[in-house]
>>> print(open('query-v5.txt').read())   # compact mmCIF, C-alpha atoms and all ligand atoms
# COMPACT_ATOMS: atom_id res chain seq x y z
CA MET H 254 64.74 43.16 -76.73
CA ASP H 255 67.06 44.25 -79.53
CA ASN H 256 64.77 46.63 -81.41
CA HIS H 257 67.25 47.07 -84.27
CA LYS H 258 67.14 43.52 -85.58
CA THR H 259 64.59 42.74 -88.28
CA ILE H 260 62.59 39.60 -87.58
CA ALA H 261 60.81 37.76 -90.38
CA PHE H 262 58.02 35.38 -89.45
CA ILE H 263 57.81 32.77 -92.20
CA GLY H 264 54.30 31.44 -91.72
CA ALA H 265 52.42 34.11 -89.82
CA GLY H 266 49.37 32.25 -88.53
CA ASN H 267 47.85 31.92 -85.06
CA MET H 268 51.02 31.32 -83.06
CA ALA H 269 53.31 33.72 -84.91
CA GLY H 270 50.46 36.25 -84.80
CA ALA H 271 50.29 35.84 -81.03
CA ILE H 272 54.02 36.52 -80.70
CA ILE H 273 53.84 39.50 -83.05
CA ALA H 274 50.95 40.95 -81.00
CA GLY H 275 53.00 40.52 -77.83
CA LEU H 276 56.08 42.13 -79.36
CA LEU H 277 54.07 45.16 -80.50
CA GLN H 278 52.42 45.49 -77.09
CA ASN H 279 55.92 45.58 -75.64
CA GLY H 280 57.03 48.42 -77.87
CA PHE H 281 58.93 46.44 -80.49
CA SER H 282 59.24 48.53 -83.63
CA ASN H 283 56.59 47.77 -86.32
CA ASP H 284 59.20 48.50 -88.95
CA HIS H 285 61.37 45.62 -87.79
CA ILE H 286 58.75 42.90 -88.02
CA ILE H 287 57.97 41.18 -91.32
CA ALA H 288 54.99 38.82 -91.48
CA CYS H 289 55.10 36.48 -94.43
CA SER H 290 51.96 34.54 -95.30
CA PRO H 291 50.29 33.24 -98.44
CA ASN H 292 46.96 33.90 -96.72
CA ILE H 293 45.45 37.20 -97.89
CA GLN H 294 43.18 37.55 -94.83
CA GLN H 295 46.14 37.19 -92.50
CA ARG H 296 48.10 39.75 -94.49
CA GLU H 297 45.14 42.15 -94.18
CA HIS H 298 45.13 41.60 -90.41
CA PHE H 299 48.86 42.39 -90.18
CA LYS H 300 48.43 45.41 -92.44
CA ASN H 301 46.19 46.87 -89.71
CA LEU H 302 49.04 46.41 -87.22
CA ALA H 303 51.28 48.49 -89.51
CA ILE H 304 54.03 45.86 -89.69
CA ARG H 305 55.76 44.87 -92.93
CA ILE H 306 53.94 42.15 -94.87
CA THR H 307 54.69 39.99 -97.86
CA SER H 308 53.62 36.73 -99.43
CA ASP H 309 57.17 36.05 -100.65
CA ASN H 310 59.26 34.01 -98.20
CA ARG H 311 62.49 34.78 -100.05
CA GLU H 312 61.87 38.52 -99.98
CA ALA H 313 61.19 38.36 -96.21
CA ALA H 314 64.26 36.21 -95.50
CA THR H 315 66.54 38.47 -97.53
CA GLN H 316 65.61 41.45 -95.37
CA ALA H 317 65.79 39.67 -92.02
CA ASP H 318 68.46 39.34 -89.30
CA VAL H 319 66.40 36.68 -87.56
CA ILE H 320 64.05 34.18 -89.21
CA VAL H 321 61.21 32.66 -87.19
CA PHE H 322 59.69 29.54 -88.72
CA GLY H 323 55.97 29.58 -87.89
CA VAL H 324 54.57 27.15 -90.46
CA LYS H 325 52.90 23.81 -89.74
CA PRO H 326 55.35 20.92 -89.28
CA PHE H 327 54.61 19.31 -92.66
CA MET H 328 55.40 22.59 -94.48
CA LEU H 329 58.81 23.25 -92.94
CA LYS H 330 60.89 21.07 -95.29
CA ASN H 331 59.63 23.00 -98.35
CA VAL H 332 60.25 26.33 -96.64
CA CYS H 333 63.83 25.28 -95.74
CA ASP H 334 64.38 24.20 -99.32
CA GLU H 335 63.13 27.52 -100.60
CA LEU H 336 65.27 29.60 -98.23
CA LYS H 337 68.47 27.60 -97.87
CA THR H 338 70.51 29.65 -100.37
CA ILE H 339 69.59 32.92 -98.65
CA ILE H 340 70.28 31.44 -95.22
CA HIS H 341 73.70 30.23 -96.40
CA GLN H 342 74.52 33.73 -97.60
CA LYS H 343 73.14 35.76 -94.67
CA LYS H 344 73.77 33.23 -91.86
CA GLN H 345 70.82 34.48 -89.82
CA LEU H 346 69.77 33.17 -86.47
CA LEU H 347 66.95 30.69 -87.12
CA ILE H 348 64.21 30.30 -84.54
CA SER H 349 61.63 27.56 -84.91
CA ILE H 350 58.29 27.45 -83.14
CA VAL H 351 57.34 24.35 -85.14
CA ALA H 352 56.22 21.46 -82.94
CA GLY H 353 58.20 18.27 -83.14
CA ILE H 354 60.88 19.17 -85.71
CA LYS H 355 64.40 18.74 -84.33
CA THR H 356 67.20 21.27 -84.85
CA SER H 357 69.25 18.50 -86.52
CA THR H 358 66.41 17.93 -89.02
CA ILE H 359 66.27 21.64 -89.85
CA THR H 360 70.07 21.64 -90.25
CA LYS H 361 69.77 18.69 -92.64
CA TRP H 362 67.04 20.42 -94.66
CA ILE H 363 69.02 23.63 -95.11
CA HIS H 364 72.41 21.88 -95.46
CA HIS H 365 73.79 24.55 -93.19
CA GLU H 366 76.42 22.74 -91.21
CA TYR H 367 77.24 25.60 -88.81
CA GLY H 368 73.81 27.14 -88.57
CA PRO H 369 72.64 28.60 -85.27
CA ILE H 370 69.12 27.32 -84.57
CA VAL H 371 66.97 27.91 -81.51
CA ARG H 372 64.03 25.54 -81.26
CA THR H 373 61.19 26.75 -79.07
CA MET H 374 57.80 25.69 -77.81
CA PRO H 375 55.69 28.74 -76.98
CA ASN H 376 52.00 28.77 -76.22
CA ILE H 377 49.03 30.77 -77.39
CA ALA H 378 48.88 32.94 -74.25
CA SER H 379 51.85 34.81 -75.75
CA ALA H 380 49.16 36.90 -77.48
CA VAL H 381 48.37 38.54 -74.14
CA GLY H 382 51.92 38.62 -72.78
CA ALA H 383 51.26 35.62 -70.50
CA GLY H 384 52.84 32.83 -72.53
CA VAL H 385 55.43 30.33 -71.42
CA THR H 386 58.12 29.23 -73.86
CA GLY H 387 60.64 26.40 -73.63
CA LEU H 388 63.83 27.05 -75.63
CA PHE H 389 66.69 24.86 -76.83
CA ALA H 390 69.81 26.17 -78.58
CA ASN H 391 71.96 24.00 -80.84
CA ALA H 392 75.73 24.06 -80.44
CA HIS H 393 76.19 26.88 -82.98
CA VAL H 394 74.14 29.47 -81.10
CA ASP H 395 76.36 32.01 -79.32
CA GLU H 396 75.54 33.85 -76.08
CA HIS H 397 74.43 36.99 -77.88
CA GLN H 398 72.00 35.00 -80.03
CA LYS H 399 70.68 33.18 -76.96
CA ILE H 400 69.96 36.51 -75.29
CA LEU H 401 68.25 37.75 -78.44
CA ALA H 402 66.03 34.65 -78.77
CA GLU H 403 65.18 34.68 -75.08
CA SER H 404 64.30 38.38 -75.08
CA LEU H 405 61.95 37.85 -78.02
CA PHE H 406 59.90 35.30 -76.07
CA ARG H 407 60.30 37.10 -72.73
CA SER H 408 58.50 40.02 -74.25
CA VAL H 409 55.47 37.73 -74.54
CA GLY H 410 55.74 35.79 -71.28
CA THR H 411 58.02 33.53 -69.25
CA THR H 412 60.90 31.52 -70.73
CA LEU H 413 62.87 28.46 -69.72
CA TRP H 414 65.92 26.94 -71.40
CA MET H 415 66.21 23.20 -71.86
CA HIS H 416 69.61 21.50 -72.09
CA ASP H 417 68.15 18.35 -73.59
CA GLU H 418 66.20 18.90 -76.82
CA ASN H 419 63.96 15.89 -76.08
CA GLN H 420 62.46 17.84 -73.19
CA LEU H 421 60.81 20.17 -75.69
CA ASP H 422 58.42 17.32 -76.53
CA ILE H 423 57.40 17.23 -72.87
CA ILE H 424 56.92 21.00 -72.88
CA THR H 425 54.77 20.61 -75.99
CA ALA H 426 52.55 18.14 -74.14
CA ILE H 427 52.31 20.28 -70.99
CA SER H 428 52.29 23.98 -71.84
CA GLY H 429 52.18 24.03 -75.66
CA SER H 430 48.91 22.11 -75.78
CA GLY H 431 48.04 22.97 -72.16
CA PRO H 432 45.83 26.01 -72.81
CA ALA H 433 43.49 23.75 -74.80
CA TYR H 434 43.21 21.28 -71.89
CA LEU H 435 42.26 24.12 -69.58
CA PHE H 436 39.80 25.58 -72.12
CA TYR H 437 38.22 22.11 -72.25
CA ILE H 438 37.70 22.19 -68.47
CA PHE H 439 36.51 25.83 -68.62
CA GLU H 440 34.02 24.82 -71.31
CA ALA H 441 32.67 22.03 -69.09
CA MET H 442 32.37 24.41 -66.11
CA GLN H 443 30.62 27.04 -68.22
CA LYS H 444 28.18 24.44 -69.60
CA ALA H 445 27.40 23.26 -66.07
CA ALA H 446 26.76 26.85 -64.93
CA ILE H 447 24.49 27.54 -67.91
CA ASN H 448 22.67 24.29 -67.25
CA LEU H 449 22.04 25.49 -63.71
CA GLY H 450 20.52 28.75 -64.95
CA ILE H 451 23.43 31.25 -65.17
CA ASP H 452 23.66 33.48 -68.22
CA ALA H 453 26.40 32.39 -70.72
CA ASP H 454 28.44 35.62 -70.45
CA GLN H 455 28.26 35.62 -66.67
CA ALA H 456 29.26 31.94 -66.64
CA LYS H 457 32.28 32.73 -68.83
CA LEU H 458 33.32 35.56 -66.53
CA LEU H 459 32.91 33.38 -63.44
CA VAL H 460 35.03 30.59 -64.92
CA ALA H 461 37.75 32.78 -66.46
CA GLN H 462 38.15 34.94 -63.35
CA THR H 463 38.23 31.84 -61.13
CA ALA H 464 41.01 30.40 -63.30
CA THR H 465 42.95 33.68 -63.31
CA GLY H 466 42.63 33.98 -59.54
CA ALA H 467 43.66 30.36 -58.94
CA ALA H 468 46.72 30.72 -61.20
CA LYS H 469 47.66 34.02 -59.51
CA LEU H 470 47.39 32.39 -56.06
CA ALA H 471 49.62 29.52 -57.15
CA MET H 472 52.23 31.89 -58.60
CA GLU H 473 52.20 34.40 -55.75
CA THR H 474 51.88 32.25 -52.63
CA GLY H 475 54.41 29.63 -53.68
CA GLU H 476 52.18 26.92 -52.13
CA SER H 477 51.83 23.62 -53.98
CA PHE H 478 48.69 23.02 -56.03
CA GLU H 479 47.77 20.24 -53.62
CA GLN H 480 48.13 22.52 -50.61
CA LEU H 481 46.04 25.23 -52.24
CA ARG H 482 43.36 22.67 -53.05
CA HIS H 483 43.28 21.62 -49.40
CA PHE H 484 42.81 25.27 -48.35
CA VAL H 485 39.49 25.40 -50.23
CA THR H 486 38.35 21.89 -49.38
CA SER H 487 36.78 21.68 -45.94
CA GLU H 488 35.78 18.29 -44.69
CA LYS H 489 32.34 17.20 -45.89
CA GLY H 490 31.90 20.61 -47.58
CA THR H 491 30.81 21.56 -51.12
CA THR H 492 34.30 21.38 -52.68
CA ALA H 493 34.89 17.97 -51.07
CA ALA H 494 31.65 16.72 -52.66
CA ALA H 495 32.92 17.78 -56.10
CA ILE H 496 36.45 16.41 -55.57
CA ASP H 497 34.92 13.06 -54.54
CA ILE H 498 33.30 12.88 -57.99
CA PHE H 499 36.61 13.78 -59.73
CA ASN H 500 38.35 11.05 -57.74
CA ALA H 501 35.59 8.50 -58.44
CA HIS H 502 36.22 9.10 -62.17
CA HIS H 503 40.02 8.91 -61.71
CA THR H 504 40.37 12.39 -63.24
CA GLN H 505 44.08 12.73 -62.41
CA ASP H 506 44.76 9.45 -64.25
CA ILE H 507 42.74 10.71 -67.23
CA VAL H 508 44.83 13.91 -67.33
CA LYS H 509 48.03 11.86 -67.10
CA ASP H 510 46.91 9.61 -69.98
CA ALA H 511 45.96 12.65 -72.09
CA ILE H 512 49.39 14.24 -71.55
CA HIS H 513 51.13 10.96 -72.41
CA ALA H 514 49.07 10.78 -75.64
CA ALA H 515 50.19 14.33 -76.54
CA LEU H 516 53.82 13.41 -75.75
CA LYS H 517 53.60 10.27 -77.91
CA ARG H 518 52.26 12.37 -80.80
CA ALA H 519 55.00 14.99 -80.32
CA LYS H 520 57.61 12.21 -80.53
CA GLU H 521 55.98 10.74 -83.63
CA LEU H 522 56.14 14.19 -85.27
CA SER H 523 59.86 14.45 -84.39
CA GLN H 524 60.70 11.26 -86.31
N1 LIG I 1 48.79 27.16 -82.04
C1 LIG I 1 49.48 26.87 -80.93
O1 LIG I 1 48.99 26.95 -79.80
C2 LIG I 1 50.94 26.47 -81.04
C3 LIG I 1 51.71 26.35 -79.88
C4 LIG I 1 53.06 26.06 -80.00
C5 LIG I 1 53.62 25.84 -81.25
N2 LIG I 1 52.84 25.91 -82.36
C6 LIG I 1 53.46 25.66 -83.67
O2 LIG I 1 53.34 26.83 -84.43
C7 LIG I 1 53.28 26.47 -85.81
C8 LIG I 1 52.14 27.21 -86.45
O3 LIG I 1 50.93 26.83 -85.82
P1 LIG I 1 49.64 27.75 -85.96
O4 LIG I 1 48.64 27.22 -85.02
O5 LIG I 1 50.05 29.18 -85.89
O6 LIG I 1 49.22 27.38 -87.47
P2 LIG I 1 48.56 28.30 -88.58
O7 LIG I 1 47.65 29.30 -87.93
O8 LIG I 1 48.00 27.39 -89.62
O9 LIG I 1 49.81 29.10 -89.18
C9 LIG I 1 50.62 28.62 -90.22
C10 LIG I 1 50.69 29.73 -91.27
O10 LIG I 1 51.63 29.38 -92.27
C11 LIG I 1 51.08 29.78 -93.53
N3 LIG I 1 51.74 29.05 -94.60
C12 LIG I 1 51.32 27.93 -95.27
N4 LIG I 1 52.23 27.58 -96.18
C13 LIG I 1 53.24 28.48 -96.11
C14 LIG I 1 54.47 28.65 -96.81
N5 LIG I 1 54.86 27.79 -97.76
N6 LIG I 1 55.24 29.70 -96.48
C15 LIG I 1 54.88 30.57 -95.52
N7 LIG I 1 53.74 30.45 -94.82
C16 LIG I 1 52.93 29.42 -95.11
C17 LIG I 1 49.62 29.44 -93.39
O11 LIG I 1 48.84 30.09 -94.37
P3 LIG I 1 47.41 29.38 -94.78
O12 LIG I 1 46.48 29.72 -93.67
O13 LIG I 1 47.05 30.04 -96.07
O14 LIG I 1 47.68 27.92 -94.93
C18 LIG I 1 49.36 29.98 -91.98
O15 LIG I 1 49.15 31.35 -92.02
C19 LIG I 1 53.08 24.97 -85.89
O16 LIG I 1 54.25 24.37 -86.37
C20 LIG I 1 52.78 24.57 -84.48
O17 LIG I 1 53.36 23.32 -84.20
C21 LIG I 1 51.52 26.25 -82.29
>>> encode(input="query-v5.txt", output="C-alpha cells", more="lines below")
Ligand SMILES: NC(=O)c1ccc[n+]([C@@H]2O[C@H](COP(=O)([O-])OP(=O)(O)OC[C@H]3O[C@@H](n4cnc5c(N)ncnc54)[C@H](OP(=O)(O)O)[C@@H]3O)[C@@H](O)[C@H]2O)c1
Amino acid sequence: MDNHKTIAFIGAGNMAGAIIAGLLQNGFSNDHIIACSPNIQQREHFKNLAIRITSDNREAATQADVIVFGVKPFMLKNVCDELKTIIHQKKQLLISIVAGIKTSTITKWIHHEYGPIVRTMPNIASAVGAGVTGLFANAHVDEHQKILAESLFRSVGTTLWMHDENQLDIITAISGSGPAYLFYIFEAMQKAAINLGIDADQAKLLVAQTATGAAKLAMETGESFEQLRHFVTSEKGTTAAAIDIFNAHHTQDIVKDAIHAALKRAKELSQ
C-alpha cells in the first residue's frame, strides 16, 4: 500500500470505519487518513484512532490524493456537487464504496469527463482484515491507480476485479450483503442452542467457531461446499436428519430467492 498518499473518506460511517480500521491494523500511516463525517460521535471515535478528522468535506478533499466516497447512496449526488470544483482542480482518484451508483452516474454528477473512478463493493468483514471486495475501474483509471485502489482493499481482505460493471450488483447481493445472511443463520443456530439449554455466550462461541472452521476448511482444502457437506453427513446420521429438514423447506431455493431480491434492489438503486 502506498503509505504516502493521503486518503479522505467522505462519509466515515460503518463501512468506511471498517476499512480505516483494517488500514491502521496493516500499518497504514494515521497521518495519511482523513475521516470526514458530520456525526460528532463518529468523529470522537476516529479521534481515538489518532487519524485526521473533519466535518468539512471540502477541507478533506482539498488535502487528499485519493477520495473514497462512503456516504449512503441517496447522499452521493449532493457530495459530488459540493466537491466537483475541487475534484476538477486536483484530479484525484475517486473510489466509491456506495452500493448501486454507477461510475457513469458519478462522472455525470461531477461533470468530470476524464475522471478516474474505481467503483467497489467491499463487505463489513474488512474491519477484521477478512473482507472481500469487488472492484471495477472506468476507462480513465491507469495501471498505477488500479494498483493503488487494489492495495487499499487488499490491506483489509481479498480483492477481485470485474470487467463488467454490472457484475458489481451481483457482488453486492452475494458478498456485500452476505455477512448479514450468515449472521441471520448464526442467530437462528444460537437461538436453537439456547432453547436447548446452552448458555448464550457459549452458544455464540460454538456457532462462530463452527462457521470459522467451516470457512477455513472450504478455503484450505479446495473441496466444493457440496463435497464438504457430504463428508459430515453420514447416512441416517444426525446431520442427515437436519439436512432432510432443510430440504423439506426448500432452503436452497429460499436462499436463491433472497439473493435475487437483493440483486433486484441493487439494480433498482443503480437506475
Ligand atoms: N455496511 C455495509 O456492510 C456495506 C457494504 C458494502 C457497501 N456499503 C456502502 O457503504 C456506504 C456507507 O454505508 P454504511 O453502512 O457505512 O453507512 P453509514 O454508517 O450510515 O455511513 C454513512 C456516513 O456518512 C455520513 N454522512 C451523511 N451525510 C454526509 C455528507 N453530506 N457528507 C459526508 N458524510 C455524510 C453519515 O453521518 P450521519 O451518521 O450523521 O448521517 C455516516 O457517518 C453505503 O453507500 C453502502 O451502500 C456498505
>>> closest_atom_pairs(input="query-v5.txt", of="chain H", to="ligand LIG 1 (chain I)", cutoff="9 Å", atoms="only C-alpha atoms and all ligand atoms", output="JSON lines")
{"residue": "H:Phe262", "atom": "CA", "partner": "I:LIG1", "partner_atom": "C15", "distance": 8.4}
{"residue": "H:Ile263", "atom": "CA", "partner": "I:LIG1", "partner_atom": "C15", "distance": 4.9}
{"residue": "H:Gly264", "atom": "CA", "partner": "I:LIG1", "partner_atom": "N7", "distance": 3.3}
{"residue": "H:Ala265", "atom": "CA", "partner": "I:LIG1", "partner_atom": "O15", "distance": 4.8}
{"residue": "H:Gly266", "atom": "CA", "partner": "I:LIG1", "partner_atom": "O9", "distance": 3.2}
{"residue": "H:Asn267", "atom": "CA", "partner": "I:LIG1", "partner_atom": "O5", "distance": 3.6}
{"residue": "H:Met268", "atom": "CA", "partner": "I:LIG1", "partner_atom": "O5", "distance": 3.7}
{"residue": "H:Ala269", "atom": "CA", "partner": "I:LIG1", "partner_atom": "O5", "distance": 5.7}
{"residue": "H:Gly270", "atom": "CA", "partner": "I:LIG1", "partner_atom": "O5", "distance": 7.2}
{"residue": "H:Ala271", "atom": "CA", "partner": "I:LIG1", "partner_atom": "O5", "distance": 8.2}
{"residue": "H:Cys289", "atom": "CA", "partner": "I:LIG1", "partner_atom": "C15", "distance": 6.0}
{"residue": "H:Ser290", "atom": "CA", "partner": "I:LIG1", "partner_atom": "N7", "distance": 4.5}
{"residue": "H:Pro291", "atom": "CA", "partner": "I:LIG1", "partner_atom": "O13", "distance": 5.1}
{"residue": "H:Asn292", "atom": "CA", "partner": "I:LIG1", "partner_atom": "O13", "distance": 3.9}
{"residue": "H:Ile293", "atom": "CA", "partner": "I:LIG1", "partner_atom": "O13", "distance": 7.6}
{"residue": "H:Gln294", "atom": "CA", "partner": "I:LIG1", "partner_atom": "O13", "distance": 8.5}
{"residue": "H:Gln295", "atom": "CA", "partner": "I:LIG1", "partner_atom": "O15", "distance": 6.6}
{"residue": "H:Arg296", "atom": "CA", "partner": "I:LIG1", "partner_atom": "O15", "distance": 8.8}
{"residue": "H:Ser308", "atom": "CA", "partner": "I:LIG1", "partner_atom": "C15", "distance": 7.4}
{"residue": "H:Asp309", "atom": "CA", "partner": "I:LIG1", "partner_atom": "N6", "distance": 7.8}
{"residue": "H:Asn310", "atom": "CA", "partner": "I:LIG1", "partner_atom": "N6", "distance": 6.1}
{"residue": "H:Phe322", "atom": "CA", "partner": "I:LIG1", "partner_atom": "C7", "distance": 7.7}
{"residue": "H:Gly323", "atom": "CA", "partner": "I:LIG1", "partner_atom": "C7", "distance": 4.6}
{"residue": "H:Val324", "atom": "CA", "partner": "I:LIG1", "partner_atom": "O10", "distance": 4.1}
{"residue": "H:Lys325", "atom": "CA", "partner": "I:LIG1", "partner_atom": "O16", "distance": 3.7}
{"residue": "H:Pro326", "atom": "CA", "partner": "I:LIG1", "partner_atom": "O16", "distance": 4.6}
{"residue": "H:Phe327", "atom": "CA", "partner": "I:LIG1", "partner_atom": "O16", "distance": 8.1}
{"residue": "H:Met328", "atom": "CA", "partner": "I:LIG1", "partner_atom": "N4", "distance": 6.2}
{"residue": "H:Leu329", "atom": "CA", "partner": "I:LIG1", "partner_atom": "N5", "distance": 7.7}
{"residue": "H:Asn331", "atom": "CA", "partner": "I:LIG1", "partner_atom": "N5", "distance": 6.8}
{"residue": "H:Val332", "atom": "CA", "partner": "I:LIG1", "partner_atom": "N5", "distance": 5.7}
{"residue": "H:Glu335", "atom": "CA", "partner": "I:LIG1", "partner_atom": "N5", "distance": 8.7}
{"residue": "H:Ser349", "atom": "CA", "partner": "I:LIG1", "partner_atom": "O16", "distance": 8.2}
{"residue": "H:Ile350", "atom": "CA", "partner": "I:LIG1", "partner_atom": "O2", "distance": 5.2}
{"residue": "H:Val351", "atom": "CA", "partner": "I:LIG1", "partner_atom": "O16", "distance": 3.3}
{"residue": "H:Ala352", "atom": "CA", "partner": "I:LIG1", "partner_atom": "O17", "distance": 3.6}
{"residue": "H:Gly353", "atom": "CA", "partner": "I:LIG1", "partner_atom": "O17", "distance": 7.1}
{"residue": "H:Ile354", "atom": "CA", "partner": "I:LIG1", "partner_atom": "O16", "distance": 8.5}
{"residue": "H:Thr373", "atom": "CA", "partner": "I:LIG1", "partner_atom": "C5", "distance": 7.9}
{"residue": "H:Met374", "atom": "CA", "partner": "I:LIG1", "partner_atom": "C4", "distance": 5.2}
{"residue": "H:Pro375", "atom": "CA", "partner": "I:LIG1", "partner_atom": "C4", "distance": 4.8}
{"residue": "H:Asn376", "atom": "CA", "partner": "I:LIG1", "partner_atom": "C3", "distance": 4.4}
{"residue": "H:Ile377", "atom": "CA", "partner": "I:LIG1", "partner_atom": "O1", "distance": 4.5}
{"residue": "H:Ala378", "atom": "CA", "partner": "I:LIG1", "partner_atom": "O1", "distance": 8.2}
{"residue": "H:Thr386", "atom": "CA", "partner": "I:LIG1", "partner_atom": "C4", "distance": 8.6}
{"residue": "H:Thr425", "atom": "CA", "partner": "I:LIG1", "partner_atom": "C4", "distance": 7.0}
{"residue": "H:Ser428", "atom": "CA", "partner": "I:LIG1", "partner_atom": "C3", "distance": 8.4}
{"residue": "H:Gly429", "atom": "CA", "partner": "I:LIG1", "partner_atom": "C3", "distance": 4.8}
{"residue": "H:Ser430", "atom": "CA", "partner": "I:LIG1", "partner_atom": "O1", "distance": 6.3}
{"residue": "H:Gly431", "atom": "CA", "partner": "I:LIG1", "partner_atom": "O1", "distance": 8.7}
{"residue": "H:Pro432", "atom": "CA", "partner": "I:LIG1", "partner_atom": "O1", "distance": 7.7}
{"residue": "H:Ala433", "atom": "CA", "partner": "I:LIG1", "partner_atom": "O1", "distance": 8.1}
>>> atom_distance(input="query-v5.txt", atom1="atom CA of H:Lys361", atom2="atom CA of H:Ala426")
25.3 Å
>>> residues_around(input="query-v5.txt", residues="stretch 463-470 of chain H", least_positions_apart="5", cutoff="9 Å", atoms="only C-alpha atoms", output="list in words")
Leu435, Phe439, Leu458, Gly475, Glu476 and Leu481 of chain H
>>> atom_distance(input="query-v5.txt", atom1="atom CA of H:Glu418", atom2="atom CA of H:Ile260")
23.6 Å
>>> atom_distance(input="query-v5.txt", atom1="atom CA of H:Leu516", atom2="atom CA of H:Asp395")
29.4 Å
>>> axis_aligned_box(input="query-v5.txt", around="stretch 463-475 of chain H", padding_each_side="3 Å", output="JSON")
{"center_x": 46.3, "center_y": 32.0, "center_z": -58.0, "size_x": 22.2, "size_y": 10.9, "size_z": 16.7}
>>> closest_residue(input="query-v5.txt", among="H:Ala380, H:Val385, H:Val394, H:Ile340", to="H:Thr356", atoms="all atoms listed in the file")
H:Val394
>>> residues_around(input="query-v5.txt", residues="H:Trp362", least_positions_apart="3", cutoff="9 Å", atoms="all atoms listed in the file", output="JSON, numbers by chain")
{"H": [329, 330, 331, 333, 334, 337, 357, 358, 359, 365]}
>>> closest_residue(input="query-v5.txt", among="H:Thr474, H:Gln342, H:Gln455, H:Asn448", to="H:Thr315", atoms="all atoms listed in the file")
H:Gln342
>>> build_atoms(input="query-v5.txt", residues="stretch 440-445 of chain H", atoms="all heavy atoms", output="short mmCIF file (atom, residue, chain, number, x, y, z; two decimals), in the frame of the given file")
data_model
loop_
_atom_site.label_atom_id
_atom_site.label_comp_id
_atom_site.auth_asym_id
_atom_site.auth_seq_id
_atom_site.Cartn_x
_atom_site.Cartn_y
_atom_site.Cartn_z
N GLU H 440 35.23 25.04 -70.52
CA GLU H 440 34.02 24.82 -71.31
C GLU H 440 33.03 23.98 -70.50
O GLU H 440 31.84 24.29 -70.44
CB GLU H 440 34.46 24.04 -72.55
CG GLU H 440 33.72 24.30 -73.80
CD GLU H 440 34.25 23.36 -74.91
OE1 GLU H 440 35.47 23.20 -75.08
OE2 GLU H 440 33.39 22.76 -75.57
N ALA H 441 33.54 22.93 -69.88
CA ALA H 441 32.67 22.03 -69.09
C ALA H 441 32.07 22.79 -67.90
O ALA H 441 30.88 22.63 -67.59
CB ALA H 441 33.48 20.82 -68.61
N MET H 442 32.89 23.65 -67.26
CA MET H 442 32.37 24.41 -66.11
C MET H 442 31.31 25.41 -66.56
O MET H 442 30.28 25.59 -65.91
CB MET H 442 33.53 25.14 -65.39
CG MET H 442 34.40 24.19 -64.58
SD MET H 442 35.81 25.04 -63.83
CE MET H 442 35.04 25.99 -62.54
N GLN H 443 31.59 26.06 -67.72
CA GLN H 443 30.62 27.04 -68.22
C GLN H 443 29.29 26.35 -68.57
O GLN H 443 28.21 26.84 -68.22
CB GLN H 443 31.18 27.76 -69.45
CG GLN H 443 30.26 28.90 -69.92
CD GLN H 443 30.65 29.45 -71.29
OE1 GLN H 443 31.25 28.74 -72.10
NE2 GLN H 443 30.32 30.70 -71.55
N LYS H 444 29.40 25.17 -69.22
CA LYS H 444 28.18 24.44 -69.60
C LYS H 444 27.37 24.07 -68.35
O LYS H 444 26.15 24.18 -68.33
CB LYS H 444 28.53 23.18 -70.38
CG LYS H 444 28.84 23.45 -71.85
CD LYS H 444 29.15 22.17 -72.60
CE LYS H 444 29.51 22.48 -74.04
NZ LYS H 444 30.24 21.40 -74.69
N ALA H 445 28.09 23.64 -67.31
CA ALA H 445 27.40 23.26 -66.07
C ALA H 445 26.69 24.47 -65.46
O ALA H 445 25.55 24.36 -64.99
CB ALA H 445 28.40 22.67 -65.08
#
